[in-house]
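Enquirer: My structure file target.cif, mmCIF, C-alpha atoms, is below:
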```cif
data_data
#
loop_
_atom_site.label_atom_id
_atom_site.label_comp_id
_atom_site.auth_asym_id
_atom_site.auth_seq_id
_atom_site.Cartn_x
_atom_site.Cartn_y
_atom_site.Cartn_z
CA MET A 1 0.00 0.00 0.00
CA LYS A 2 1.36 3.44 -0.95
CA ASN A 3 2.01 6.06 1.73
CA GLU A 4 -0.62 8.42 0.32
CA GLU A 5 -3.25 5.68 0.29
CA ARG A 6 -2.30 4.64 3.84
CA ARG A 7 -2.56 8.26 4.98
CA GLU A 8 -5.99 8.63 3.36
CA ILE A 9 -7.31 5.44 5.02
CA THR A 10 -5.93 6.45 8.42
CA THR A 11 -7.33 9.97 8.11
CA ARG A 12 -10.76 8.64 7.13
CA LYS A 13 -10.78 6.25 10.12
CA LEU A 14 -9.73 9.07 12.45
CA LEU A 15 -12.40 11.42 11.16
CA GLU A 16 -15.19 8.85 11.27
CA ALA A 17 -14.21 7.67 14.76
CA THR A 18 -13.94 11.22 16.10
CA LYS A 19 -17.29 12.26 14.60
CA ALA A 20 -18.98 9.22 16.13
CA LEU A 21 -17.47 10.03 19.53
CA LEU A 22 -18.47 13.69 19.26
CA LYS A 23 -22.09 12.65 18.84
CA GLU A 24 -21.89 10.79 22.17
CA LYS A 25 -19.52 12.97 24.20
CA GLY A 26 -18.30 16.52 24.40
CA CYS A 27 -14.92 17.59 23.04
CA HIS A 28 -13.43 17.75 26.54
CA ALA A 29 -14.53 14.21 27.43
CA ILE A 30 -12.94 12.47 24.45
CA THR A 31 -9.48 11.06 24.98
CA MET A 32 -6.90 9.79 22.51
CA LYS A 33 -7.56 6.33 23.98
CA ASP A 34 -11.23 6.70 22.99
CA ILE A 35 -10.19 7.62 19.45
CA MET A 36 -7.79 4.68 19.26
CA GLU A 37 -10.49 2.24 20.40
CA GLN A 38 -13.18 3.71 18.15
CA SER A 39 -10.93 3.82 15.08
CA SER A 40 -9.12 0.50 15.74
CA LEU A 41 -5.86 2.33 15.05
CA SER A 42 -2.73 1.99 17.14
CA LYS A 43 -1.23 4.93 18.98
CA GLY A 44 1.73 4.83 16.59
CA ALA A 45 -0.51 4.89 13.51
CA ILE A 46 -2.40 7.91 14.84
CA PHE A 47 0.61 9.89 16.01
CA HIS A 48 2.37 9.26 12.72
CA TYR A 49 -0.15 11.67 11.15
CA VAL A 50 -1.38 13.92 13.98
CA LYS A 51 0.03 15.34 17.20
CA SER A 52 -3.13 15.75 19.28
CA LYS A 53 -6.89 15.37 19.39
CA ASP A 54 -7.13 19.12 18.74
CA GLU A 55 -5.52 18.49 15.36
CA ILE A 56 -8.11 15.79 14.64
CA TYR A 57 -10.88 18.19 15.66
CA ALA A 58 -9.44 20.75 13.26
CA MET A 59 -9.53 18.14 10.50
CA VAL A 60 -13.25 17.54 11.16
CA LEU A 61 -13.88 21.30 11.03
CA HIS A 62 -12.01 21.67 7.74
CA GLU A 63 -13.71 18.61 6.27
CA ARG A 64 -17.12 20.26 6.77
CA LEU A 65 -15.86 23.47 5.20
CA GLU A 66 -14.59 21.55 2.16
CA GLU A 67 -17.90 19.65 1.89
CA THR A 68 -19.84 22.94 1.92
CA ASN A 69 -17.63 24.34 -0.81
CA THR A 70 -17.96 21.17 -2.89
CA LYS A 71 -21.78 21.30 -2.64
CA PHE A 72 -21.79 24.95 -3.67
CA MET A 73 -19.48 24.28 -6.64
CA GLN A 74 -21.64 21.34 -7.77
CA GLU A 75 -24.70 23.56 -7.60
CA THR A 76 -23.05 26.21 -9.77
CA GLU A 77 -21.78 23.65 -12.29
CA HIS A 78 -24.99 21.67 -12.78
CA ALA A 79 -27.64 24.34 -12.45
CA VAL A 80 -28.79 27.05 -14.83
CA LYS A 81 -26.58 30.05 -14.13
CA SER A 82 -28.86 31.63 -11.56
CA PHE A 83 -28.66 33.14 -8.11
CA GLU A 84 -31.26 30.91 -6.46
CA GLY A 85 -29.62 27.47 -6.75
CA PRO A 86 -26.26 28.33 -5.17
CA MET A 87 -27.95 30.57 -2.58
CA GLN A 88 -30.15 27.62 -1.55
CA SER A 89 -26.98 25.61 -0.93
CA ILE A 90 -25.66 28.37 1.35
CA ALA A 91 -29.02 28.79 3.11
CA HIS A 92 -29.16 25.05 3.85
CA ASN A 93 -25.70 25.24 5.41
CA LEU A 94 -26.73 28.20 7.59
CA ILE A 95 -29.47 26.09 9.20
CA ALA A 96 -26.85 23.58 10.43
CA LEU A 97 -24.87 26.42 11.99
CA GLU A 98 -27.72 27.01 14.44
CA ASP A 99 -27.80 23.41 15.64
CA SER A 100 -26.27 23.19 19.13
CA HIS A 101 -25.69 19.46 18.55
CA ASP A 102 -23.78 19.98 15.30
CA ILE A 103 -20.31 18.54 15.87
CA THR A 104 -18.51 21.32 14.01
CA ASN A 105 -20.18 23.91 16.25
CA LYS A 106 -19.01 21.95 19.29
CA ILE A 107 -15.48 21.77 17.90
CA LEU A 108 -15.30 25.46 17.03
CA LYS A 109 -16.48 26.52 20.49
CA TYR A 110 -14.03 24.08 22.11
CA LEU A 111 -11.12 25.39 20.04
CA LEU A 112 -12.07 29.03 20.72
CA GLY A 113 -11.70 28.21 24.41
CA LYS A 114 -8.11 27.15 23.73
CA GLU A 115 -7.08 30.06 21.52
CA ASP A 116 -4.11 30.86 23.81
CA ASP A 117 -2.46 27.68 22.55
CA PRO A 118 -0.38 28.79 19.51
CA THR A 119 -1.21 25.62 17.57
CA VAL A 120 -4.93 26.07 18.13
CA ALA A 121 -4.69 29.79 17.31
CA GLU A 122 -3.07 28.86 14.00
CA VAL A 123 -5.83 26.33 13.25
CA LEU A 124 -8.51 28.93 13.99
CA GLN A 125 -6.77 31.53 11.83
CA HIS A 126 -6.51 29.05 8.96
CA PHE A 127 -10.18 28.10 9.33
CA TYR A 128 -11.24 31.75 9.26
CA GLU A 129 -9.06 32.59 6.26
CA ARG A 130 -10.26 29.51 4.36
CA SER A 131 -13.90 30.37 5.12
CA VAL A 132 -13.43 33.92 3.81
CA SER A 133 -11.59 32.59 0.75
CA PHE A 134 -14.43 30.23 -0.12
CA ALA A 135 -17.07 32.94 0.39
CA LYS A 136 -15.07 35.35 -1.78
CA ASN A 137 -14.78 32.69 -4.48
CA TRP A 138 -18.55 32.08 -4.38
CA ILE A 139 -19.23 35.80 -4.87
CA THR A 140 -16.67 36.01 -7.67
CA ILE A 141 -18.29 33.04 -9.43
CA GLY A 142 -21.66 34.81 -9.15
CA GLN A 143 -20.08 37.85 -10.76
CA LEU A 144 -18.58 35.77 -13.57
CA HIS A 145 -22.01 34.26 -14.29
CA GLY A 146 -23.59 37.71 -14.31
CA VAL A 147 -25.93 37.12 -11.34
CA ILE A 148 -23.99 39.46 -9.03
CA MET A 149 -22.85 42.86 -10.32
CA ASP A 150 -19.14 43.58 -10.63
CA HIS A 151 -19.20 46.47 -8.15
CA VAL A 152 -19.97 44.12 -5.22
CA ASN A 153 -16.74 43.96 -3.21
CA PRO A 154 -15.99 40.22 -2.82
CA ASP A 155 -13.44 40.75 -0.01
CA GLN A 156 -15.65 42.87 2.25
CA THR A 157 -18.85 40.95 1.51
CA ALA A 158 -17.18 37.57 2.08
CA GLU A 159 -15.78 38.70 5.42
CA MET A 160 -19.18 40.01 6.53
CA PHE A 161 -20.89 36.73 5.55
CA VAL A 162 -18.30 34.67 7.45
CA LEU A 163 -18.78 36.86 10.53
CA LEU A 164 -22.54 36.26 10.30
CA SER A 165 -22.00 32.49 10.05
CA LEU A 166 -19.65 32.52 13.04
CA GLY A 167 -22.28 34.47 14.97
CA LEU A 168 -24.84 31.75 14.23
CA ARG A 169 -22.40 29.09 15.48
CA VAL A 170 -21.73 30.91 18.75
CA ARG A 171 -25.42 31.72 19.22
CA SER A 172 -26.21 27.98 19.06
CA SER A 173 -24.57 27.53 22.47
CA PHE A 174 -27.04 29.78 24.28
CA ALA A 175 -29.53 27.46 25.97
CA SER A 176 -32.30 30.07 25.99
CA THR A 177 -32.08 30.54 22.22
CA THR A 178 -34.94 28.65 20.60
CA THR A 179 -35.83 30.86 17.65
CA GLN A 180 -34.00 30.10 14.44
CA VAL A 181 -32.62 33.14 12.66
CA SER A 182 -30.74 31.39 9.84
CA THR A 183 -33.63 32.10 7.45
CA GLU A 184 -33.42 35.80 8.25
CA VAL A 185 -29.64 35.75 7.84
CA SER A 186 -30.03 33.99 4.49
CA THR A 187 -32.63 36.56 3.38
CA PHE A 188 -30.33 39.38 4.51
CA MET A 189 -27.43 37.91 2.53
CA SER A 190 -29.62 37.45 -0.55
CA THR A 191 -30.89 41.01 -0.28
CA ILE A 192 -27.37 42.40 -0.14
CA LEU A 193 -26.43 40.47 -3.27
CA LYS A 194 -29.73 40.77 -5.17
CA ASN A 195 -30.07 44.51 -4.61
CA GLN A 196 -26.84 44.85 -6.47
CA SER A 197 -27.53 42.13 -9.04
CA LYS A 198 -29.58 41.93 -12.22
#
```
Using structure tokens, write down the structure that the file contains.

Expert:
Amino acid sequence: MKNEERREITTRKLLEATKALLKEKGCHAITMKDIMEQSSLSKGAIFHYVKSKDEIYAMVLHERLEETNTKFMQETEHAVKSFEGPMQSIAHNLIALEDSHDITNKILKYLLGKEDDPTVAEVLQHFYERSVSFAKNWITIGQLHGVIMDHVNPDQTAEMFVLLSLGLRVRSSFASTTTQVSTEVSTFMSTILKNQSK
């Protein structure tokens, strides 16, 4: 088996095991021993690719981000060049950001509590930059397809949309919050783009 293939199999096992554990336990309660048992991987196999459970959590967070981007790109490739299809993909993702049981929300809040750790701070910075980059790319694609006008600033708009999504994630941790606002956020985002689009 080639190294790249071995790495891919190990990573997949780590991600699946960690996601299963996160559905049962909180981030703080999971140990590397739990991950080893759940994944059926040895300590050596795990530590050959990662240094800590925080790194595995970061991988889960980035996996979701990549999945969201892939869904958006598929929507833009297979649909009529319109605003509604891709925006529906984004709106659907916003709903998950309000779910207090969503594992990526749990991970993000856990990692934010450890931001003094330089490794975690770097992971969070990378996650934020990647999120903004994807959002900017989505806006730019809309401009290329003529459904968002050229004078929309992709950098500023992308950053604002990422801040809104992070706000939804943090809001999900407030126990007294029962009203969903993702629909309103989605409408707000659409309005900003549509008011400046054809």

Enquirer: Any idea what's packed within 12 Å of A:Thr31, counting all atoms listed in the file, ignoring anything in its chain fewer than 3 positions away? Could you give it as a PDB file with C-alpha atoms, in the coordinates of the input?

Expert:
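As a result, part.pdb now contains:
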```
ATOM      1  CA  ALA A  17     -14.210   7.670  14.760  1.00  0.00           C
ATOM      2  CA  THR A  18     -13.940  11.220  16.100  1.00  0.00           C
ATOM      3  CA  LEU A  21     -17.470  10.030  19.530  1.00  0.00           C
ATOM      4  CA  LEU A  22     -18.470  13.690  19.260  1.00  0.00           C
ATOM      5  CA  LYS A  25     -19.520  12.970  24.200  1.00  0.00           C
ATOM      6  CA  GLY A  26     -18.300  16.520  24.400  1.00  0.00           C
ATOM      7  CA  CYS A  27     -14.920  17.590  23.040  1.00  0.00           C
ATOM      8  CA  HIS A  28     -13.430  17.750  26.540  1.00  0.00           C
ATOM      9  CA  ASP A  34     -11.230   6.700  22.990  1.00  0.00           C
ATOM     10  CA  ILE A  35     -10.190   7.620  19.450  1.00  0.00           C
ATOM     11  CA  MET A  36      -7.790   4.680  19.260  1.00  0.00           C
ATOM     12  CA  GLU A  37     -10.490   2.240  20.400  1.00  0.00           C
ATOM     13  CA  GLN A  38     -13.180   3.710  18.150  1.00  0.00           C
ATOM     14  CA  LYS A  43      -1.230   4.930  18.980  1.00  0.00           C
ATOM     15  CA  SER A  52      -3.130  15.750  19.280  1.00  0.00           C
ATOM     16  CA  LYS A  53      -6.890  15.370  19.390  1.00  0.00           C
ATOM     17  CA  ASP A  54      -7.130  19.120  18.740  1.00  0.00           C
ATOM     18  CA  ILE A  56      -8.110  15.790  14.640  1.00  0.00           C
ATOM     19  CA  TYR A  57     -10.880  18.190  15.660  1.00  0.00           C
TER      20      TYR A  57
END
```

Enquirer: Rounded to one decimal in Å, what is the spacing between atom CA of A:Lys136 and atom CA of A:Thr157?

Expert: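 These two atoms are separated by 7.5 Å.
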
Enquirer: Env of A:Ser172: 7 Å cut, atoms = only C-alpha atoms, seq-sep filter 6 positions within chain, self excluded. Answer as a ChimeraX atom specification.

Expert: /A:98-100

Enquirer: Go ahead and write the residues just picked, C-alpha atoms, as a PDB file, in the coordinates of the input.

Expert:
```
ATOM      1  CA  GLU A  98     -27.720  27.010  14.440  1.00  0.00           C
ATOM      2  CA  ASP A  99     -27.800  23.410  15.640  1.00  0.00           C
ATOM      3  CA  SER A 100     -26.270  23.190  19.130  1.00  0.00           C
TER       4      SER A 100
END
```

Enquirer: So that I can check the surroundings of A:Gly167, please list as a PyMOL selection string every protein, DNA and RNA residue that reaches within 12 Å of it, counting only C-alpha atoms and ignoring chain neighbours fewer than 2 positions away.

Expert: chain A and resi 94+97-98+105+108-109+160-165+169-174+181-182+185

Enquirer: Smallest atom-to-atom distance to A:Pro154: which of A:Arg64, A:Pro118, A:Phe127, A:Leu193, using only C-alpha atoms?

Expert: A:Leu193

Enquirer: Is there a way to get, as an mmCIF file with C-alpha atoms, in the frame of the given file, all residues within 9 Å of the point (-25.9, 37.3, -1.4) in file coordinates, counting all atoms listed in the file?

Expert:
```
data_model
loop_
_atom_site.group_PDB
_atom_site.id
_atom_site.type_symbol
_atom_site.label_atom_id
_atom_site.label_comp_id
_atom_site.auth_asym_id
_atom_site.auth_seq_id
_atom_site.Cartn_x
_atom_site.Cartn_y
_atom_site.Cartn_z
ATOM 1 C CA PHE A 83 -28.660 33.140 -8.110
ATOM 2 C CA MET A 87 -27.950 30.570 -2.580
ATOM 3 C CA ILE A 139 -19.230 35.800 -4.870
ATOM 4 C CA ILE A 148 -23.990 39.460 -9.030
ATOM 5 C CA THR A 157 -18.850 40.950 1.510
ATOM 6 C CA PHE A 161 -20.890 36.730 5.550
ATOM 7 C CA SER A 186 -30.030 33.990 4.490
ATOM 8 C CA THR A 187 -32.630 36.560 3.380
ATOM 9 C CA PHE A 188 -30.330 39.380 4.510
ATOM 10 C CA MET A 189 -27.430 37.910 2.530
ATOM 11 C CA SER A 190 -29.620 37.450 -0.550
ATOM 12 C CA THR A 191 -30.890 41.010 -0.280
ATOM 13 C CA ILE A 192 -27.370 42.400 -0.140
ATOM 14 C CA LEU A 193 -26.430 40.470 -3.270
ATOM 15 C CA LYS A 194 -29.730 40.770 -5.170
ATOM 16 C CA ASN A 195 -30.070 44.510 -4.610
#
```

Enquirer: Atom CA of A:Gln125 and atom CA of A:Trp138 are how many Å apart?

Expert: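 If I compute the distance from atom CA of A:Gln125 to atom CA of A:Trp138, I get 20.0 Å.
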
Enquirer: When the PyMOL selection byres ((chain A and resi 71) around 12) is applied to the file above, which residues end up in the set, as an MDAnalysis selection string?

Expert: chainID A and resid 64:70 72:79 85:93 134 138

Enquirer: Report as a ChimeraX atom specification all protein, DNA and RNA residues lying within 9 Å of A:Tyr49, evaluated on all atoms listed in the file, omitting residues in the same chain fewer than 4 positions from it.

Expert: /A:7,10-11,44-45

Enquirer: Go ahead and dump the residues you just picked, C-alpha atoms, as a JSON list (two decimals), keeping the file's coordinate frame.

Expert:
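Saved result, out.json, follows:
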```
[["chain", "number", "residue", "atom", "x", "y", "z"],
["A", 7, "ARG", "CA", -2.56, 8.26, 4.98],
["A", 10, "THR", "CA", -5.93, 6.45, 8.42],
["A", 11, "THR", "CA", -7.33, 9.97, 8.11],
["A", 44, "GLY", "CA", 1.73, 4.83, 16.59],
["A", 45, "ALA", "CA", -0.51, 4.89, 13.51]]
```

Enquirer: With distances taken over only C-alpha atoms, which of A:Ala58, A:Met32, A:Leu41, A:Thr104 is nearest to A:Leu166?

Expert: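 Closest to A:Leu166 of all the choices is A:Thr104.
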
Enquirer: In Å, rounded to a single decimal, give me how far atom CA of A:Ala96 is from atom CA of A:Lys23.

Expert: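 The value is 14.6 Å.
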
Enquirer: When distances are computed from all atoms listed in the file, which of A:Val120, A:Ile95, A:Ala158, A:Ile107 shows the smallest separation from A:Val60?

Expert: A:Ile107

Enquirer: Which of these residues is nearest to A:Asn137, using only C-alpha atoms: A:Asp150, A:Glu122, A:Asp155, A:Glu16?

Expert: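 When distances to A:Asn137 are compared using only C-alpha atoms, the smallest one comes from A:Asp155.
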
Enquirer: May I ask which of the residues A:His151, A:Asp116, A:Tyr110, A:Ile141 is the closest one to A:Ala29, counting only C-alpha atoms?

Expert: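 Nearest to A:Ala29: A:Tyr110.
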
Enquirer: Which is closest to A:Glu63 among A:Ile30, A:Ile103, A:Ala121, A:Val132, if we use only C-alpha atoms?

Expert: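 Smallest separation from A:Glu63 among the options: A:Ile103.
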
Enquirer: Take stretch 156-186 of chain A from the preceding structure and save N, CA and C atoms as a PDB file, in the first residue's frame.

Expert:
```pdb
ATOM      1  N   GLN A 156     -14.869  42.354   1.118  1.00  0.00           N
ATOM      2  CA  GLN A 156     -15.649  42.866   2.252  1.00  0.00           C
ATOM      3  C   GLN A 156     -16.919  42.054   2.480  1.00  0.00           C
ATOM      4  N   THR A 157     -17.596  41.707   1.391  1.00  0.00           N
ATOM      5  CA  THR A 157     -18.849  40.952   1.511  1.00  0.00           C
ATOM      6  C   THR A 157     -18.588  39.551   2.062  1.00  0.00           C
ATOM      7  N   ALA A 158     -17.529  38.908   1.587  1.00  0.00           N
ATOM      8  CA  ALA A 158     -17.183  37.575   2.080  1.00  0.00           C
ATOM      9  C   ALA A 158     -16.885  37.611   3.576  1.00  0.00           C
ATOM     10  N   GLU A 159     -16.118  38.608   4.002  1.00  0.00           N
ATOM     11  CA  GLU A 159     -15.781  38.696   5.421  1.00  0.00           C
ATOM     12  C   GLU A 159     -17.032  38.919   6.266  1.00  0.00           C
ATOM     13  N   MET A 160     -17.938  39.764   5.785  1.00  0.00           N
ATOM     14  CA  MET A 160     -19.178  40.010   6.532  1.00  0.00           C
ATOM     15  C   MET A 160     -20.005  38.733   6.628  1.00  0.00           C
ATOM     16  N   PHE A 161     -20.099  37.961   5.533  1.00  0.00           N
ATOM     17  CA  PHE A 161     -20.886  36.730   5.549  1.00  0.00           C
ATOM     18  C   PHE A 161     -20.273  35.685   6.487  1.00  0.00           C
ATOM     19  N   VAL A 162     -18.961  35.607   6.532  1.00  0.00           N
ATOM     20  CA  VAL A 162     -18.301  34.671   7.450  1.00  0.00           C
ATOM     21  C   VAL A 162     -18.554  35.088   8.898  1.00  0.00           C
ATOM     22  N   LEU A 163     -18.496  36.382   9.174  1.00  0.00           N
ATOM     23  CA  LEU A 163     -18.784  36.862  10.529  1.00  0.00           C
ATOM     24  C   LEU A 163     -20.211  36.511  10.941  1.00  0.00           C
ATOM     25  N   LEU A 164     -21.153  36.642  10.014  1.00  0.00           N
ATOM     26  CA  LEU A 164     -22.537  36.260  10.301  1.00  0.00           C
ATOM     27  C   LEU A 164     -22.641  34.763  10.606  1.00  0.00           C
ATOM     28  N   SER A 165     -21.933  33.942   9.827  1.00  0.00           N
ATOM     29  CA  SER A 165     -21.996  32.491  10.052  1.00  0.00           C
ATOM     30  C   SER A 165     -21.359  32.110  11.385  1.00  0.00           C
ATOM     31  N   LEU A 166     -20.272  32.783  11.741  1.00  0.00           N
ATOM     32  CA  LEU A 166     -19.649  32.520  13.044  1.00  0.00           C
ATOM     33  C   LEU A 166     -20.584  32.943  14.182  1.00  0.00           C
ATOM     34  N   GLY A 167     -21.293  34.031  13.975  1.00  0.00           N
ATOM     35  CA  GLY A 167     -22.276  34.471  14.969  1.00  0.00           C
ATOM     36  C   GLY A 167     -23.369  33.438  15.187  1.00  0.00           C
ATOM     37  N   LEU A 168     -23.835  32.809  14.108  1.00  0.00           N
ATOM     38  CA  LEU A 168     -24.843  31.746  14.226  1.00  0.00           C
ATOM     39  C   LEU A 168     -24.293  30.569  15.015  1.00  0.00           C
ATOM     40  N   ARG A 169     -23.024  30.215  14.762  1.00  0.00           N
ATOM     41  CA  ARG A 169     -22.405  29.093  15.479  1.00  0.00           C
ATOM     42  C   ARG A 169     -22.335  29.376  16.981  1.00  0.00           C
ATOM     43  N   VAL A 170     -21.870  30.555  17.333  1.00  0.00           N
ATOM     44  CA  VAL A 170     -21.734  30.907  18.752  1.00  0.00           C
ATOM     45  C   VAL A 170     -23.111  30.997  19.405  1.00  0.00           C
ATOM     46  N   ARG A 171     -24.059  31.575  18.698  1.00  0.00           N
ATOM     47  CA  ARG A 171     -25.421  31.717  19.221  1.00  0.00           C
ATOM     48  C   ARG A 171     -26.041  30.356  19.551  1.00  0.00           C
ATOM     49  N   SER A 172     -25.642  29.312  18.830  1.00  0.00           N
ATOM     50  CA  SER A 172     -26.210  27.981  19.063  1.00  0.00           C
ATOM     51  C   SER A 172     -25.910  27.451  20.463  1.00  0.00           C
ATOM     52  N   SER A 173     -24.926  28.023  21.133  1.00  0.00           N
ATOM     53  CA  SER A 173     -24.568  27.531  22.467  1.00  0.00           C
ATOM     54  C   SER A 173     -25.400  28.158  23.580  1.00  0.00           C
ATOM     55  N   PHE A 174     -26.203  29.156  23.248  1.00  0.00           N
ATOM     56  CA  PHE A 174     -27.036  29.780  24.280  1.00  0.00           C
ATOM     57  C   PHE A 174     -28.293  28.950  24.489  1.00  0.00           C
ATOM     58  N   ALA A 175     -28.428  28.385  25.668  1.00  0.00           N
ATOM     59  CA  ALA A 175     -29.534  27.462  25.971  1.00  0.00           C
ATOM     60  C   ALA A 175     -30.898  28.110  25.779  1.00  0.00           C
ATOM     61  N   SER A 176     -31.004  29.404  26.066  1.00  0.00           N
ATOM     62  CA  SER A 176     -32.303  30.072  25.989  1.00  0.00           C
ATOM     63  C   SER A 176     -32.699  30.427  24.552  1.00  0.00           C
ATOM     64  N   THR A 177     -31.800  30.194  23.610  1.00  0.00           N
ATOM     65  CA  THR A 177     -32.082  30.535  22.218  1.00  0.00           C
ATOM     66  C   THR A 177     -32.854  29.406  21.559  1.00  0.00           C
ATOM     67  N   THR A 178     -34.118  29.670  21.244  1.00  0.00           N
ATOM     68  CA  THR A 178     -34.937  28.647  20.601  1.00  0.00           C
ATOM     69  C   THR A 178     -35.387  29.076  19.210  1.00  0.00           C
ATOM     70  N   THR A 179     -35.396  30.366  18.944  1.00  0.00           N
ATOM     71  CA  THR A 179     -35.834  30.864  17.648  1.00  0.00           C
ATOM     72  C   THR A 179     -34.709  30.766  16.642  1.00  0.00           C
ATOM     73  N   GLN A 180     -35.006  30.169  15.492  1.00  0.00           N
ATOM     74  CA  GLN A 180     -34.004  30.102  14.437  1.00  0.00           C
ATOM     75  C   GLN A 180     -33.968  31.428  13.691  1.00  0.00           C
ATOM     76  N   VAL A 181     -32.766  31.893  13.416  1.00  0.00           N
ATOM     77  CA  VAL A 181     -32.619  33.139  12.659  1.00  0.00           C
ATOM     78  C   VAL A 181     -31.860  32.916  11.350  1.00  0.00           C
ATOM     79  N   SER A 182     -31.505  31.670  11.062  1.00  0.00           N
ATOM     80  CA  SER A 182     -30.742  31.393   9.843  1.00  0.00           C
ATOM     81  C   SER A 182     -31.501  31.816   8.589  1.00  0.00           C
ATOM     82  N   THR A 183     -32.835  31.684   8.606  1.00  0.00           N
ATOM     83  CA  THR A 183     -33.626  32.099   7.448  1.00  0.00           C
ATOM     84  C   THR A 183     -33.517  33.598   7.235  1.00  0.00           C
ATOM     85  N   GLU A 184     -33.556  34.351   8.346  1.00  0.00           N
ATOM     86  CA  GLU A 184     -33.419  35.804   8.249  1.00  0.00           C
ATOM     87  C   GLU A 184     -32.022  36.199   7.782  1.00  0.00           C
ATOM     88  N   VAL A 185     -31.022  35.474   8.263  1.00  0.00           N
ATOM     89  CA  VAL A 185     -29.642  35.747   7.841  1.00  0.00           C
ATOM     90  C   VAL A 185     -29.503  35.461   6.351  1.00  0.00           C
ATOM     91  N   SER A 186     -30.071  34.348   5.901  1.00  0.00           N
ATOM     92  CA  SER A 186     -30.027  33.992   4.487  1.00  0.00           C
ATOM     93  C   SER A 186     -30.726  35.049   3.633  1.00  0.00           C
TER      94      SER A 186
END
```
